[in-house]
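structure33.cif, holding mmCIF, N, CA and C atoms:
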```cif
data_upload
loop_
_atom_site.label_atom_id
_atom_site.label_comp_id
_atom_site.auth_asym_id
_atom_site.auth_seq_id
_atom_site.Cartn_x
_atom_site.Cartn_y
_atom_site.Cartn_z
N MET M 26 15.59 -16.43 18.15
CA MET M 26 15.18 -15.26 18.92
C MET M 26 13.65 -15.12 18.94
N GLY M 27 12.95 -15.95 18.18
CA GLY M 27 11.50 -15.93 18.22
C GLY M 27 10.84 -14.91 17.31
N PHE M 28 11.58 -14.32 16.40
CA PHE M 28 11.01 -13.34 15.47
C PHE M 28 10.51 -14.03 14.22
N LYS M 29 9.50 -13.44 13.62
CA LYS M 29 9.07 -13.89 12.30
C LYS M 29 8.72 -12.66 11.47
N ALA M 30 8.94 -12.75 10.19
CA ALA M 30 8.64 -11.66 9.27
C ALA M 30 7.54 -12.12 8.32
N LEU M 31 6.55 -11.27 8.15
CA LEU M 31 5.42 -11.59 7.28
C LEU M 31 5.30 -10.54 6.19
N LYS M 32 5.32 -10.99 4.93
CA LYS M 32 5.09 -10.10 3.80
C LYS M 32 3.59 -9.83 3.68
N GLU M 33 3.26 -8.62 3.26
CA GLU M 33 1.86 -8.23 3.06
C GLU M 33 1.02 -8.56 4.29
N PHE M 34 1.50 -8.11 5.44
CA PHE M 34 0.79 -8.31 6.71
C PHE M 34 -0.56 -7.61 6.66
N SER M 35 -1.61 -8.33 6.90
CA SER M 35 -2.95 -7.77 6.88
C SER M 35 -3.36 -7.35 8.29
N THR M 36 -3.75 -6.10 8.44
CA THR M 36 -4.14 -5.58 9.75
C THR M 36 -5.61 -5.92 10.02
N LYS M 37 -6.05 -5.66 11.25
CA LYS M 37 -7.43 -5.96 11.62
C LYS M 37 -8.44 -5.17 10.79
N ASP M 38 -8.04 -3.99 10.33
CA ASP M 38 -8.95 -3.18 9.52
C ASP M 38 -8.68 -3.33 8.02
N ASN M 39 -8.04 -4.44 7.65
CA ASN M 39 -7.79 -4.83 6.26
C ASN M 39 -6.84 -3.92 5.49
N ALA M 40 -6.00 -3.18 6.18
CA ALA M 40 -4.91 -2.46 5.52
C ALA M 40 -3.76 -3.45 5.39
N ARG M 41 -2.80 -3.13 4.58
CA ARG M 41 -1.65 -4.02 4.40
C ARG M 41 -0.36 -3.28 4.73
N ILE M 42 0.53 -3.98 5.41
CA ILE M 42 1.87 -3.49 5.71
C ILE M 42 2.81 -4.37 4.90
N ASP M 43 3.74 -3.74 4.16
CA ASP M 43 4.60 -4.49 3.25
C ASP M 43 5.34 -5.63 3.94
N LEU M 44 5.94 -5.34 5.08
CA LEU M 44 6.69 -6.36 5.83
C LEU M 44 6.53 -6.07 7.31
N ALA M 45 6.10 -7.06 8.05
CA ALA M 45 5.91 -6.92 9.49
C ALA M 45 6.82 -7.89 10.22
N VAL M 46 7.49 -7.39 11.24
CA VAL M 46 8.33 -8.24 12.09
C VAL M 46 7.59 -8.41 13.41
N LEU M 47 7.36 -9.66 13.76
CA LEU M 47 6.61 -9.99 14.97
C LEU M 47 7.44 -10.90 15.87
N ARG M 48 7.14 -10.84 17.15
CA ARG M 48 7.69 -11.81 18.11
C ARG M 48 6.49 -12.37 18.84
N GLY M 49 6.11 -13.58 18.46
CA GLY M 49 4.85 -14.12 18.96
C GLY M 49 3.71 -13.27 18.40
N ASP M 50 2.87 -12.75 19.29
CA ASP M 50 1.79 -11.86 18.87
C ASP M 50 2.15 -10.39 19.00
N GLU M 51 3.38 -10.11 19.41
CA GLU M 51 3.82 -8.72 19.62
C GLU M 51 4.30 -8.10 18.32
N GLU M 52 3.74 -6.95 18.00
CA GLU M 52 4.13 -6.20 16.80
C GLU M 52 5.43 -5.46 17.10
N ILE M 53 6.49 -5.79 16.41
CA ILE M 53 7.81 -5.22 16.68
C ILE M 53 8.14 -4.09 15.71
N LEU M 54 8.02 -4.34 14.41
CA LEU M 54 8.48 -3.39 13.40
C LEU M 54 7.65 -3.52 12.13
N ALA M 55 7.17 -2.37 11.64
CA ALA M 55 6.49 -2.32 10.34
C ALA M 55 7.46 -1.71 9.34
N ILE M 56 7.57 -2.32 8.18
CA ILE M 56 8.46 -1.82 7.14
C ILE M 56 7.64 -1.61 5.87
N GLU M 57 7.74 -0.40 5.32
CA GLU M 57 7.06 -0.07 4.07
C GLU M 57 8.12 0.30 3.04
N PHE M 58 7.93 -0.14 1.82
CA PHE M 58 8.86 0.13 0.72
C PHE M 58 8.23 1.17 -0.21
N GLU M 59 8.92 2.27 -0.39
CA GLU M 59 8.45 3.32 -1.29
C GLU M 59 9.51 3.55 -2.35
N ASN M 60 9.10 3.65 -3.59
CA ASN M 60 10.08 3.88 -4.66
C ASN M 60 9.70 5.06 -5.55
N SER M 61 8.93 5.97 -5.00
CA SER M 61 8.58 7.20 -5.71
C SER M 61 8.65 8.35 -4.72
N TYR M 62 9.06 9.50 -5.20
CA TYR M 62 9.11 10.66 -4.31
C TYR M 62 7.83 11.48 -4.38
N LYS M 63 6.92 11.14 -5.31
CA LYS M 63 5.66 11.86 -5.42
C LYS M 63 4.78 11.55 -4.21
N TRP M 64 4.28 12.58 -3.60
CA TRP M 64 3.35 12.47 -2.48
C TRP M 64 3.94 11.67 -1.32
N ILE M 65 5.25 11.70 -1.17
CA ILE M 65 5.90 10.83 -0.18
C ILE M 65 5.50 11.18 1.24
N LYS M 66 5.37 12.45 1.57
CA LYS M 66 4.96 12.80 2.94
C LYS M 66 3.58 12.23 3.26
N GLN M 67 2.68 12.32 2.31
CA GLN M 67 1.35 11.78 2.52
C GLN M 67 1.38 10.27 2.64
N ARG M 68 2.23 9.61 1.87
CA ARG M 68 2.33 8.16 1.96
C ARG M 68 2.95 7.73 3.29
N ILE M 69 3.95 8.49 3.75
CA ILE M 69 4.53 8.18 5.06
C ILE M 69 3.49 8.36 6.16
N LEU M 70 2.71 9.41 6.06
CA LEU M 70 1.65 9.63 7.04
C LEU M 70 0.68 8.46 7.04
N TYR M 71 0.24 8.04 5.87
CA TYR M 71 -0.68 6.91 5.77
C TYR M 71 -0.04 5.64 6.33
N ASN M 72 1.22 5.40 5.98
CA ASN M 72 1.92 4.22 6.49
C ASN M 72 2.02 4.26 8.01
N GLY M 73 2.29 5.43 8.56
CA GLY M 73 2.38 5.57 10.01
C GLY M 73 1.06 5.32 10.71
N ILE M 74 -0.01 5.80 10.11
CA ILE M 74 -1.33 5.57 10.70
C ILE M 74 -1.69 4.08 10.63
N LYS M 75 -1.37 3.43 9.50
CA LYS M 75 -1.60 1.98 9.41
C LYS M 75 -0.82 1.25 10.49
N ALA M 76 0.46 1.61 10.65
CA ALA M 76 1.30 0.96 11.66
C ALA M 76 0.72 1.17 13.06
N HIS M 77 0.33 2.39 13.36
CA HIS M 77 -0.24 2.71 14.67
C HIS M 77 -1.50 1.90 14.93
N ARG M 78 -2.39 1.87 13.96
CA ARG M 78 -3.65 1.15 14.14
C ARG M 78 -3.44 -0.35 14.30
N ALA M 79 -2.33 -0.86 13.75
CA ALA M 79 -2.03 -2.29 13.87
C ALA M 79 -1.23 -2.60 15.14
N GLY M 80 -0.82 -1.56 15.90
CA GLY M 80 -0.11 -1.80 17.15
C GLY M 80 1.40 -1.70 17.08
N PHE M 81 1.95 -1.26 15.96
CA PHE M 81 3.40 -1.13 15.83
C PHE M 81 3.87 0.20 16.40
N LYS M 82 5.01 0.18 17.07
CA LYS M 82 5.61 1.41 17.60
C LYS M 82 6.76 1.89 16.75
N HIS M 83 7.22 1.06 15.83
CA HIS M 83 8.35 1.40 14.96
C HIS M 83 7.94 1.19 13.51
N LEU M 84 8.23 2.20 12.70
CA LEU M 84 7.98 2.12 11.27
C LEU M 84 9.24 2.54 10.54
N TRP M 85 9.67 1.71 9.62
CA TRP M 85 10.76 2.07 8.72
C TRP M 85 10.18 2.22 7.33
N VAL M 86 10.58 3.29 6.67
CA VAL M 86 10.21 3.49 5.29
C VAL M 86 11.48 3.34 4.47
N VAL M 87 11.54 2.30 3.66
CA VAL M 87 12.70 2.05 2.82
C VAL M 87 12.51 2.92 1.58
N TYR M 88 13.44 3.85 1.41
CA TYR M 88 13.30 4.94 0.43
C TYR M 88 14.62 5.11 -0.30
N PRO M 89 14.64 4.92 -1.63
CA PRO M 89 15.91 4.88 -2.36
C PRO M 89 16.50 6.24 -2.74
N PHE M 90 15.80 7.31 -2.46
CA PHE M 90 16.28 8.63 -2.89
C PHE M 90 17.10 9.29 -1.79
N ARG M 91 17.94 10.24 -2.16
CA ARG M 91 18.86 10.85 -1.21
C ARG M 91 18.23 11.95 -0.36
N ASN M 92 17.15 12.53 -0.83
CA ASN M 92 16.54 13.58 -0.03
C ASN M 92 15.85 13.00 1.21
N ASP M 93 15.68 13.82 2.22
CA ASP M 93 15.00 13.42 3.44
C ASP M 93 13.55 13.89 3.35
N PRO M 94 12.61 12.99 3.10
CA PRO M 94 11.23 13.42 2.89
C PRO M 94 10.57 13.99 4.15
N LEU M 95 11.14 13.76 5.31
CA LEU M 95 10.54 14.27 6.54
C LEU M 95 11.19 15.56 7.03
N ARG M 96 12.21 16.04 6.31
CA ARG M 96 12.88 17.27 6.73
C ARG M 96 11.88 18.42 6.74
N LYS M 97 11.83 19.12 7.86
CA LYS M 97 10.92 20.26 8.04
C LYS M 97 9.47 19.87 7.78
N SER M 98 9.08 18.75 8.29
CA SER M 98 7.72 18.26 8.09
C SER M 98 7.04 18.01 9.43
N TRP M 99 5.77 18.28 9.48
CA TRP M 99 5.00 18.01 10.68
C TRP M 99 4.64 16.54 10.80
N VAL M 100 4.82 15.77 9.73
CA VAL M 100 4.41 14.37 9.71
C VAL M 100 5.13 13.56 10.78
N GLU M 101 6.44 13.72 10.89
CA GLU M 101 7.22 12.97 11.87
C GLU M 101 6.75 13.29 13.29
N GLU M 102 6.52 14.55 13.58
CA GLU M 102 6.06 14.95 14.92
C GLU M 102 4.68 14.38 15.22
N TYR M 103 3.81 14.42 14.24
CA TYR M 103 2.47 13.87 14.43
C TYR M 103 2.53 12.38 14.73
N LEU M 104 3.34 11.65 13.97
CA LEU M 104 3.44 10.21 14.21
C LEU M 104 4.05 9.92 15.58
N LYS M 105 4.99 10.77 16.03
CA LYS M 105 5.52 10.61 17.39
C LYS M 105 4.43 10.78 18.42
N GLU M 106 3.53 11.75 18.20
CA GLU M 106 2.41 11.94 19.12
C GLU M 106 1.52 10.70 19.18
N LEU M 107 1.41 10.01 18.06
CA LEU M 107 0.64 8.76 18.03
C LEU M 107 1.39 7.61 18.69
N GLY M 108 2.69 7.78 18.90
CA GLY M 108 3.49 6.72 19.50
C GLY M 108 4.24 5.87 18.50
N VAL M 109 4.39 6.37 17.26
CA VAL M 109 5.10 5.63 16.21
C VAL M 109 6.39 6.37 15.89
N GLU M 110 7.50 5.68 16.05
CA GLU M 110 8.80 6.23 15.66
C GLU M 110 9.04 5.84 14.21
N VAL M 111 9.19 6.84 13.36
CA VAL M 111 9.39 6.56 11.93
C VAL M 111 10.82 6.90 11.54
N GLU M 112 11.41 6.02 10.74
CA GLU M 112 12.76 6.25 10.24
C GLU M 112 12.79 5.98 8.75
N ILE M 113 13.55 6.81 8.06
CA ILE M 113 13.79 6.61 6.63
C ILE M 113 15.07 5.81 6.51
N VAL M 114 15.01 4.71 5.78
CA VAL M 114 16.14 3.80 5.66
C VAL M 114 16.45 3.59 4.17
N SER M 115 17.73 3.63 3.83
CA SER M 115 18.11 3.37 2.44
C SER M 115 18.10 1.86 2.19
N PRO M 116 17.81 1.45 0.98
CA PRO M 116 17.83 0.01 0.69
C PRO M 116 19.19 -0.61 0.97
N GLU M 117 20.26 0.14 0.74
CA GLU M 117 21.60 -0.40 0.97
C GLU M 117 21.89 -0.59 2.46
N GLY M 118 21.27 0.18 3.31
CA GLY M 118 21.59 0.13 4.73
C GLY M 118 20.63 -0.66 5.58
N ILE M 119 19.63 -1.27 4.98
CA ILE M 119 18.60 -1.92 5.79
C ILE M 119 19.12 -3.16 6.52
N GLY M 120 20.01 -3.92 5.90
CA GLY M 120 20.51 -5.14 6.55
C GLY M 120 21.23 -4.84 7.84
N LYS M 121 22.16 -3.90 7.80
CA LYS M 121 22.91 -3.51 8.99
C LYS M 121 21.98 -2.92 10.04
N LYS M 122 21.09 -2.04 9.61
CA LYS M 122 20.16 -1.39 10.54
C LYS M 122 19.26 -2.42 11.20
N PHE M 123 18.83 -3.42 10.44
CA PHE M 123 17.96 -4.45 10.97
C PHE M 123 18.68 -5.27 12.06
N ARG M 124 19.93 -5.64 11.79
CA ARG M 124 20.69 -6.40 12.80
C ARG M 124 20.87 -5.58 14.07
N GLU M 125 21.18 -4.29 13.92
CA GLU M 125 21.33 -3.40 15.08
C GLU M 125 20.02 -3.30 15.86
N PHE M 126 18.92 -3.14 15.15
CA PHE M 126 17.61 -3.01 15.79
C PHE M 126 17.27 -4.24 16.59
N LEU M 127 17.47 -5.43 16.01
CA LEU M 127 17.14 -6.67 16.70
C LEU M 127 18.03 -6.88 17.92
N SER M 128 19.26 -6.40 17.87
CA SER M 128 20.14 -6.57 19.03
C SER M 128 19.71 -5.71 20.20
N LEU M 129 18.92 -4.66 19.94
CA LEU M 129 18.47 -3.77 21.00
C LEU M 129 17.17 -4.23 21.65
N ILE M 130 16.49 -5.14 21.00
CA ILE M 130 15.19 -5.59 21.52
C ILE M 130 15.37 -6.74 22.47
#
```

Let's see the structure in the file written out as structure tokens.
Amino acid sequence: MGFKALKEFSTKDNARIDLAVLRGDEEILAIEFENSYKWIKQRILYNGIKAHRAGFKHLWVVYPFRNDPLRKSWVEEYLKELGVEVEIVSPEGIGKKFREFLSLI
């Protein structure tokens, strides 16, 4: 299908994205792994800005906790205004979600 995944993807401004899915030179999906709930909204905001600046329109945050860190938060709306769709994904569900996502592209 022409996709490739790069760990520790380095952006033009020297930020790093944990995992980037590309098709040729097209930025398809940025994935960030978070394993702490401390300052999570701020980290999601930072991850979203990194993704936006690197040209990604989709950001997944792999988050192992049951709470929804974006519930009642302005962060998700702000990232939408930037053009980045952010989703919180559980580690257990990422494989299925990834297959579904690729089938839609």

What do you get, as a PyMOL selection string, if you spell out every residue that the PyMOL selection byres ((chain M and resi 87) around 6.5) selects here? chain M and resi 56-60+85-86+88-89+112-116

Extract the full set of helix (DSSP H, G or I) residues from chain M according to DSSP on the backbone, and format it as a ChimeraX atom specification. /M:65-79,99-107,116-129

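Between atom C of Val111 of chain M and atom C of His83 of chain M the separation is 6.7 Å.
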
Taking all atoms of segment 31-41 of chain M that appear in the file, build a box with edges along x, y and z, extend it by 4 Å on every side, and state its centre and edge lengths in Å to one decimal, as lines of an AutoDock Vina configuration file.
```
center_x = -1.2
center_y = -7.0
center_z = 7.3
size_x = 23.5
size_y = 17.1
size_z = 16.6
```

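One distance worth recording is that between atom C of Lys32 of chain M and atom N of Leu44 of chain M, which is 5.3 Å.
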
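What separates atom CA of Lys75 of chain M from atom CA of Tyr103 of chain M is a distance of 13.5 Å.
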
Counting only C-alpha atoms, find the residues whose atoms lie at most 7 Å from (10.6, 5.4, 19.9) (file coordinates) and write them out as a PyMOL selection string. chain M and resi 82-83+109-110

Residues of chain M in strand (DSSP E), written as a PyMOL selection string: chain M and resi 28-35+41-48+51-58+83-87+110-114

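Comparing the minimum interatomic distances between Ala45 of chain M and each of M:Ile65, M:Leu95, M:Leu31, M:Ile74, counting all atoms listed in the file, we find that M:Leu31 sits nearest.
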
Enumerate, as JSON, numbers by chain, the residues matched when the PyMOL selection byres (((chain M and resi 34-39 and name CA) around 12) and name CA) is run on the file above. {"M": [29, 30, 31, 32, 33, 40, 41, 42, 43, 44, 45, 46, 47, 52, 54, 55, 56, 57, 72, 74, 75, 76, 77, 78, 79, 80, 81]}
